[in-house]
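Each remark here refers to the structure printed beneath this line.
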Amino acid sequence: MTQNPAPREELPLVLEARGLTRRFGGVLALDRLDLDVARGEIVGLIGPNGSGKTTFFNVITGIYWADAGHVSFDGAEITRATPQAIYHAGVARTFQRSRLSLPLSIFDNIMIGNHKRLNQGLWFNLVRRQAFRAEFEHSFAEAQALVEVFDPPLARRMLEPVAGLPMIDRRRIEICRALISRPQLLLLDEPSAGMTHEETSQLMDDILEVRKRLEGLSIVIVEHEMGVIERITNRCVVLNFGRKIAAGTFAEIAADRMVQEAYLGLK
Amino acid sequence: MALSGNDGRRSLLPGAAAVVLVTVFLIVLLRVENQKAIIALLALGIGAVIAANRLGLLKPVARSFSEREDALGLLAIGATLAIGAVFHEDHFVLLLVCTVVLYTVATLGLSVQFGYAGVLNFAGASFFGIGAYAAAVLNQHTAIPHLLVLLIGGLMAALAGSLLLLPVLRTRGHYAAVVTIAFALLFKTFLEVNDVLGGPQGLQVRGMTILGWSFNENIEIGGIELSFYLNYFAMSMMILVLAFVVVRRLERSWIGLNLDALRLDETAAGCFGLNIVRWKVTAFLLGNFLIGVAGTLHGMVVGFVQPNNYTFADSLVLVSILLLGGIGNPWGVAVATVIVVIVPEKLQVIQEYRFLLYAALVVVVLLFRPEGLLPRPVRRYFSGWQP
């Protein structure tokens with residue numbers, strides 16, 4: 001099932017993290033972490049609870065600042081950038097606990113992710129309603145087409161509130177919200193949380209399908225479900241106590257003794 | 001997609017029927033003086049709404065408002081003008097209707113701040129008062145055209161509101177609300193000790209004059225004498241319609257979506273490029289501007305301003321209108337303002353206890369219908385638009 005790992009050296013790097021460190025009081029959530037992501041690559045980020053995976057995402061997306069180290073994205077330094085600037089540069093994410101706006105419709109939630117491609121001018125929005133209507137209809141068609149890749153029936157319910165939807169649909173919408181702006185790097189934080197095995201496997205099919213269409217999209221995925229990691233990643237990085245303890249293909253890290261002790265629970 | 005003629009008429013009917021019924025009810029209520037008859041009428045009204053709800057008659061009304069809002073909006077304007085025509089010589093009723101209309105404008109402003117951006121403003125009456133005092137001072141001491149005074153009053157309220165921006169942006173939720181409470185209390189004290197602004201006695205406000213047309217003189221058309229309040233009524237309606245259109249378009253745009261996104265989850269919104277500060281500031285200042293314009297005209301309508309008209313309690317009334325009507329639904333705001341302003345005026349028994357009544361009403365609504373009388377529907381960017 002594992003796809004062939006891409007020959008990494010030949011591909012340009014999208015994300016480059018060097019010596020990334022983040023403390024919370026006395027706890028080192030990230031400890032001099034180096035991590036690269038090449039264009040078009042799917043990297044699995046695994047490790048026990050509290051090993052720093054989500055902190056890594058939060059530092060990359062500017063929610064936390066790193067205490068030390070550097071991050072560059074597409075060749076530009078983003079270590080001290082705001083979440084807004086990082087989104088505009090082309091990084092999009094989902095959250096571990098689904099963070100959709102429940103009272104809003106499916107379409108509205110996806111459009112939140114489309115912020116940078118929509119005209120945000122006051123004059124345009126309030127006065128030039130014909131022009132706004134054209135942009136609205138265009139965006140609607142685009143969002144609907146994206147949802148259709150995941151689930152055609154869901155694409156017919158675009159104006160319904162998200163609140164009534166099951167977890168798998170919410171995850172799909174979260175991923176659509178992240179993808180609608182055509183980012184170069186997608187960070188998926190435990191997309192399988194709260195779903196059954198079948199649902200998870202379905203969602204992964206969808207993600208692979210979408211990636212085929214979005215050329216050059218790189219993905220970093222945090223996941224506890226090893227089947228998922230084995231199936232969709234080109235490469236894995238294992239964290240423990242904020243440190244990188246192993247890296248390589250899934251087969252390689254699964255055979256690594258340190259990883260087995262730290263994570264897979266084998267002695 | 002265009003609605004077929006038949007469908008269109010069918011979905012228009014429930015909303016139109018509701019508008020007409022409410023208008024007739026209001027005209028009767030405003031006419032009747034006998035206290036017992038008023039109590040009976042109110043009981044009838046409440047009973048009718050509850051029965052309609054039970055029979056499932058309110059759903060089609062809501063649907064028709066969401067699908068044919070433009071047509072129903074025009075009908076509502078017509079209905080309000082009809083109320084004005086029926087009471088064309090009744091000073092008291094027209095003053096009351098003007099107050100309802102201008103309070104609706106002010107509450108629309110609060111609705112932008114709280115309903116969309118999530119910034120709770122407990123100083124609504126203070127910003128309303130800033131507009132009114134601006135009218136008093138500018139009409140007395142300057143020759144600035146009065147239409148421009150309306151604009152300046154709104155801008156002054158926005159400017160005064162920008163004093164609160166820093167604390168409001170640096171705090172979240174309840175803490176920001178406390179800042180506005182402090183402002184409301186300070187504002188009244190400031191007016192009371194300020195002799196230039198008339199101290200506790202307040203100031204007279206000169207009536208509005210546009211191009212030599214004095215709003216404070218009765219109108220005579222073909223031998224019929226009309227109340228001068230009709231001038232103010234027409235002006236208030238124009239402002240209400242403008243404010244309504246702006247707030248509606250704001251909600252039905254990417255900006256409305258931005259405001260919802262930052263209210264519901266600031267962190268997630270930030271991760272999708274939203275400039276939190278920019279949109280919070282926009283919403284707060286726009287809301288204050290609307291409150292200020294309404295206050296400026298209201299000052300000219302009543303003819304005097306005094307600190308006691310703009311207390312913290314009055315701010316609470318504005319907030320209770322918002323909670324009662326349905327947070328973020330401009331139609332709900334209009335309906336709730338009618339209830340909160342007219343009922344205590346007509347029902348003199350409760351005049352003294354009106355704050356108790358508001359408090360009880362808000363508690364009942366929050367308990368049994370937490371989204372307000374007319375909950376805000378899911379956003380439709382264009383009424384009647386279908387994918």
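By convention in this document, the chains of the structure tokens carry letters A, B, ... by their order, each chain's residues are numbered from 1, and ligands are numbered from 1 in the order they are shown.
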- [ ] Please provide as a list in words all residues within 6 Å of region 187-201 of chain A, with the sequence filter that same-chain residues fewer than 2 positions apart are discarded (counting only C-alpha atoms).
- [x] Arg93, Thr94, Phe95, Gln96, Leu203, Met204, Ile219, Val220, Ile221, Val222 and Glu223 of chain A
With N, CA, C and O atoms retained, export the selected residues as a PDB file, in the first residue's frame.
ATOM      1  N   ARG A  93      -4.482  25.030   7.540  1.00  0.00           N
ATOM      2  CA  ARG A  93      -4.475  23.939   8.504  1.00  0.00           C
ATOM      3  C   ARG A  93      -5.882  23.524   8.895  1.00  0.00           C
ATOM      4  O   ARG A  93      -6.857  24.243   8.660  1.00  0.00           O
ATOM      5  N   THR A  94      -5.977  22.354   9.503  1.00  0.00           N
ATOM      6  CA  THR A  94      -7.193  21.983  10.221  1.00  0.00           C
ATOM      7  C   THR A  94      -6.805  21.854  11.684  1.00  0.00           C
ATOM      8  O   THR A  94      -5.623  21.868  12.027  1.00  0.00           O
ATOM      9  N   PHE A  95      -7.814  21.728  12.543  1.00  0.00           N
ATOM     10  CA  PHE A  95      -7.541  21.691  13.979  1.00  0.00           C
ATOM     11  C   PHE A  95      -7.889  20.317  14.541  1.00  0.00           C
ATOM     12  O   PHE A  95      -8.762  19.620  14.023  1.00  0.00           O
ATOM     13  N   GLN A  96      -7.205  19.997  15.637  1.00  0.00           N
ATOM     14  CA  GLN A  96      -7.401  18.697  16.267  1.00  0.00           C
ATOM     15  C   GLN A  96      -8.854  18.535  16.704  1.00  0.00           C
ATOM     16  O   GLN A  96      -9.492  17.549  16.383  1.00  0.00           O
ATOM     17  N   LEU A 203     -12.052   9.141   4.187  1.00  0.00           N
ATOM     18  CA  LEU A 203     -11.538  10.507   4.176  1.00  0.00           C
ATOM     19  C   LEU A 203     -10.144  10.562   3.550  1.00  0.00           C
ATOM     20  O   LEU A 203      -9.816  11.482   2.798  1.00  0.00           O
ATOM     21  N   MET A 204      -9.328   9.521   3.840  1.00  0.00           N
ATOM     22  CA  MET A 204      -7.972   9.498   3.288  1.00  0.00           C
ATOM     23  C   MET A 204      -8.009   9.330   1.764  1.00  0.00           C
ATOM     24  O   MET A 204      -7.226   9.949   1.053  1.00  0.00           O
ATOM     25  N   ILE A 219       1.688  17.993   2.279  1.00  0.00           N
ATOM     26  CA  ILE A 219       0.824  17.786   3.442  1.00  0.00           C
ATOM     27  C   ILE A 219       1.671  17.300   4.611  1.00  0.00           C
ATOM     28  O   ILE A 219       2.547  16.446   4.449  1.00  0.00           O
ATOM     29  N   VAL A 220       1.436  17.883   5.776  1.00  0.00           N
ATOM     30  CA  VAL A 220       1.966  17.295   7.006  1.00  0.00           C
ATOM     31  C   VAL A 220       0.766  16.818   7.787  1.00  0.00           C
ATOM     32  O   VAL A 220      -0.181  17.573   8.011  1.00  0.00           O
ATOM     33  N   ILE A 221       0.778  15.544   8.182  1.00  0.00           N
ATOM     34  CA  ILE A 221      -0.381  14.996   8.866  1.00  0.00           C
ATOM     35  C   ILE A 221       0.036  14.439  10.225  1.00  0.00           C
ATOM     36  O   ILE A 221       0.992  13.678  10.334  1.00  0.00           O
ATOM     37  N   VAL A 222      -0.674  14.878  11.260  1.00  0.00           N
ATOM     38  CA  VAL A 222      -0.498  14.310  12.596  1.00  0.00           C
ATOM     39  C   VAL A 222      -1.567  13.252  12.743  1.00  0.00           C
ATOM     40  O   VAL A 222      -2.736  13.510  12.477  1.00  0.00           O
ATOM     41  N   GLU A 223      -1.182  12.059  13.131  1.00  0.00           N
ATOM     42  CA  GLU A 223      -2.181  10.996  13.168  1.00  0.00           C
ATOM     43  C   GLU A 223      -1.745   9.922  14.150  1.00  0.00           C
ATOM     44  O   GLU A 223      -0.566   9.606  14.279  1.00  0.00           O
TER      45      GLU A 223
END
TODO: Could you list the residues in chain B lying within 6 Å of chain A, using only C-alpha atoms, and format the result as a PyMOL selection string?
DONE: chain B and resi 249+253+270-273
Open item on the list: as a list in words, please: the residues near Glu252 (chain A) (cut-off 12 Å, only C-alpha atoms, same-chain neighbours under 6 positions excluded).
Closed with: Thr2, Pro5, Glu230, Asn234, Arg235, Cys236, Val237, Val238, Ala246, Met258, Val259 and Gln260 of chain A
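Separating CA of Thr142 (chain B) from CA of Val205 (chain B) is a distance of 12.5 Å.
Scanning region 125-215 of chain A with DSSP on the backbone, the strand (DSSP E or B) assignments fall on Pro161, Leu185, Leu186, Leu187, Leu188 and Asp189 of chain A.
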Grab the residues selected above and save them as a PDB file, in the first residue's frame with C-alpha atoms.
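New file result01.pdb:
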ATOM      1  CA  PRO A 161     -25.801  25.063   8.995  1.00  0.00           C
ATOM      2  CA  LEU A 185       1.204  23.362   2.440  1.00  0.00           C
ATOM      3  CA  LEU A 186      -1.670  21.711   4.276  1.00  0.00           C
ATOM      4  CA  LEU A 187      -1.340  20.840   7.958  1.00  0.00           C
ATOM      5  CA  LEU A 188      -3.794  18.156   9.078  1.00  0.00           C
ATOM      6  CA  ASP A 189      -4.089  17.752  12.836  1.00  0.00           C
TER       7      ASP A 189
END
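CA of Arg39 (chain A) is found 11.2 Å from CA of Glu16 (chain A).
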TODO: Using only C-alpha atoms, determine which residues lie at most 10 Å from Ala66 (chain A), disregarding the query and same-chain residues fewer than 4 positions distant; provide the list as a ChimeraX atom specification.
DONE: /A:19-23,30,55-56,58-60,62,70-71,79-80
Hey, can you spit out that residue selection with N, CA, C and O atoms as an mmCIF file, in the first residue's frame?
data_model
loop_
_atom_site.group_PDB
_atom_site.id
_atom_site.type_symbol
_atom_site.label_atom_id
_atom_site.label_comp_id
_atom_site.auth_asym_id
_atom_site.auth_seq_id
_atom_site.Cartn_x
_atom_site.Cartn_y
_atom_site.Cartn_z
ATOM 1 N N GLY A 19 16.103 23.930 14.284
ATOM 2 C CA GLY A 19 16.354 24.183 15.705
ATOM 3 C C GLY A 19 15.163 24.786 16.439
ATOM 4 O O GLY A 19 15.323 25.571 17.375
ATOM 5 N N LEU A 20 13.955 24.408 16.014
ATOM 6 C CA LEU A 20 12.748 25.013 16.578
ATOM 7 C C LEU A 20 12.574 24.615 18.045
ATOM 8 O O LEU A 20 12.546 23.435 18.382
ATOM 9 N N THR A 21 12.463 25.623 18.918
ATOM 10 C CA THR A 21 12.325 25.364 20.348
ATOM 11 C C THR A 21 11.172 26.179 20.901
ATOM 12 O O THR A 21 11.006 27.339 20.552
ATOM 13 N N ARG A 22 10.353 25.536 21.739
ATOM 14 C CA ARG A 22 9.254 26.260 22.375
ATOM 15 C C ARG A 22 9.072 25.705 23.785
ATOM 16 O O ARG A 22 8.946 24.498 23.977
ATOM 17 N N ARG A 23 9.108 26.605 24.758
ATOM 18 C CA ARG A 23 8.914 26.205 26.153
ATOM 19 C C ARG A 23 7.561 26.659 26.647
ATOM 20 O O ARG A 23 7.084 27.716 26.287
ATOM 21 N N LEU A 30 8.893 21.833 22.289
ATOM 22 C CA LEU A 30 9.691 21.538 21.099
ATOM 23 C C LEU A 30 11.149 21.754 21.477
ATOM 24 O O LEU A 30 11.495 22.764 22.071
ATOM 25 N N THR A 55 1.929 21.478 18.981
ATOM 26 C CA THR A 55 2.727 22.684 19.208
ATOM 27 C C THR A 55 3.507 23.048 17.953
ATOM 28 O O THR A 55 3.611 24.220 17.594
ATOM 29 N N PHE A 56 4.017 22.024 17.273
ATOM 30 C CA PHE A 56 4.739 22.280 16.024
ATOM 31 C C PHE A 56 3.831 23.014 15.028
ATOM 32 O O PHE A 56 4.205 24.029 14.447
ATOM 33 N N ASN A 58 1.205 24.789 15.730
ATOM 34 C CA ASN A 58 0.887 26.125 16.233
ATOM 35 C C ASN A 58 2.040 27.101 16.046
ATOM 36 O O ASN A 58 1.825 28.290 15.830
ATOM 37 N N VAL A 59 3.274 26.582 16.118
ATOM 38 C CA VAL A 59 4.430 27.460 15.886
ATOM 39 C C VAL A 59 4.540 27.789 14.391
ATOM 40 O O VAL A 59 4.750 28.942 14.014
ATOM 41 N N ILE A 60 4.331 26.784 13.550
ATOM 42 C CA ILE A 60 4.415 27.021 12.099
ATOM 43 C C ILE A 60 3.368 28.046 11.666
ATOM 44 O O ILE A 60 3.631 28.931 10.857
ATOM 45 N N GLY A 62 2.023 30.366 13.420
ATOM 46 C CA GLY A 62 2.130 31.683 14.050
ATOM 47 C C GLY A 62 1.230 31.888 15.252
ATOM 48 O O GLY A 62 1.130 33.002 15.766
ATOM 49 N N HIS A 70 14.382 28.733 13.577
ATOM 50 C CA HIS A 70 13.858 29.436 12.415
ATOM 51 C C HIS A 70 12.916 28.563 11.635
ATOM 52 O O HIS A 70 13.067 27.349 11.605
ATOM 53 N N VAL A 71 11.944 29.194 10.988
ATOM 54 C CA VAL A 71 11.102 28.499 10.035
ATOM 55 C C VAL A 71 11.129 29.294 8.754
ATOM 56 O O VAL A 71 10.971 30.519 8.781
ATOM 57 N N THR A 79 9.386 32.923 10.766
ATOM 58 C CA THR A 79 9.498 32.599 12.191
ATOM 59 C C THR A 79 8.667 33.534 13.059
ATOM 60 O O THR A 79 8.032 33.118 14.012
ATOM 61 N N ARG A 80 8.689 34.833 12.758
ATOM 62 C CA ARG A 80 8.002 35.803 13.595
ATOM 63 C C ARG A 80 6.753 36.366 12.910
ATOM 64 O O ARG A 80 6.253 37.418 13.274
#
Task: Minimum-distance residue to Gly325 (chain B), chosen among B:Met237, B:Leu95, B:Leu29, B:Leu373 (using only C-alpha atoms) - done: B:Leu373
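Distances from A:Ala262, A:Val27, A:Ile110, A:Leu208 to Arg171 (chain A) were compared using only C-alpha atoms, and the smallest one belongs to A:Ile110.
Counting from CA of Leu318 (chain B), the distance to CA of Tyr103 (chain B) is 7.7 Å.
Distances from B:Leu322, B:Leu165, B:Ile181, B:Val193 to Phe284 (chain B) were compared using only C-alpha atoms, and the smallest one belongs to B:Leu165.
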TODO: List the neighbours of region 301-312 of chain B out to 8 Å using only C-alpha atoms; skip same-chain residues closer than 4 positions along the sequence, and give me the result as a PyMOL selection string.
DONE: chain B and resi 95+98+122-123+125-126+128-129+132-133+136+181+184-185+188+191-192+198-207+229+232+297+316
- [ ] Apply DSSP to the backbone of this structure and, from region 66-271 of chain B, keep only the residues in alpha helix (DSSP H); write these as a PyMOL selection string.
- [x] chain B and resi 66-67+69-86+91-110+124-141+146-170+174-193+229-251+254-264+266-271
Task: Residues near Val343 (chain B), cut-off 10 Å, only C-alpha atoms, skip fewer than 3 positions along chain, as a PyMOL selection string - done: chain B and resi 29-30+38-39+42+337-340+346-348+350-351+354
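Compared by their closest atoms to Tyr64 (chain A), and using only C-alpha atoms, the residues B:Thr267, B:Tyr353, B:Gly109, B:Arg63 rank with B:Thr267 nearest.
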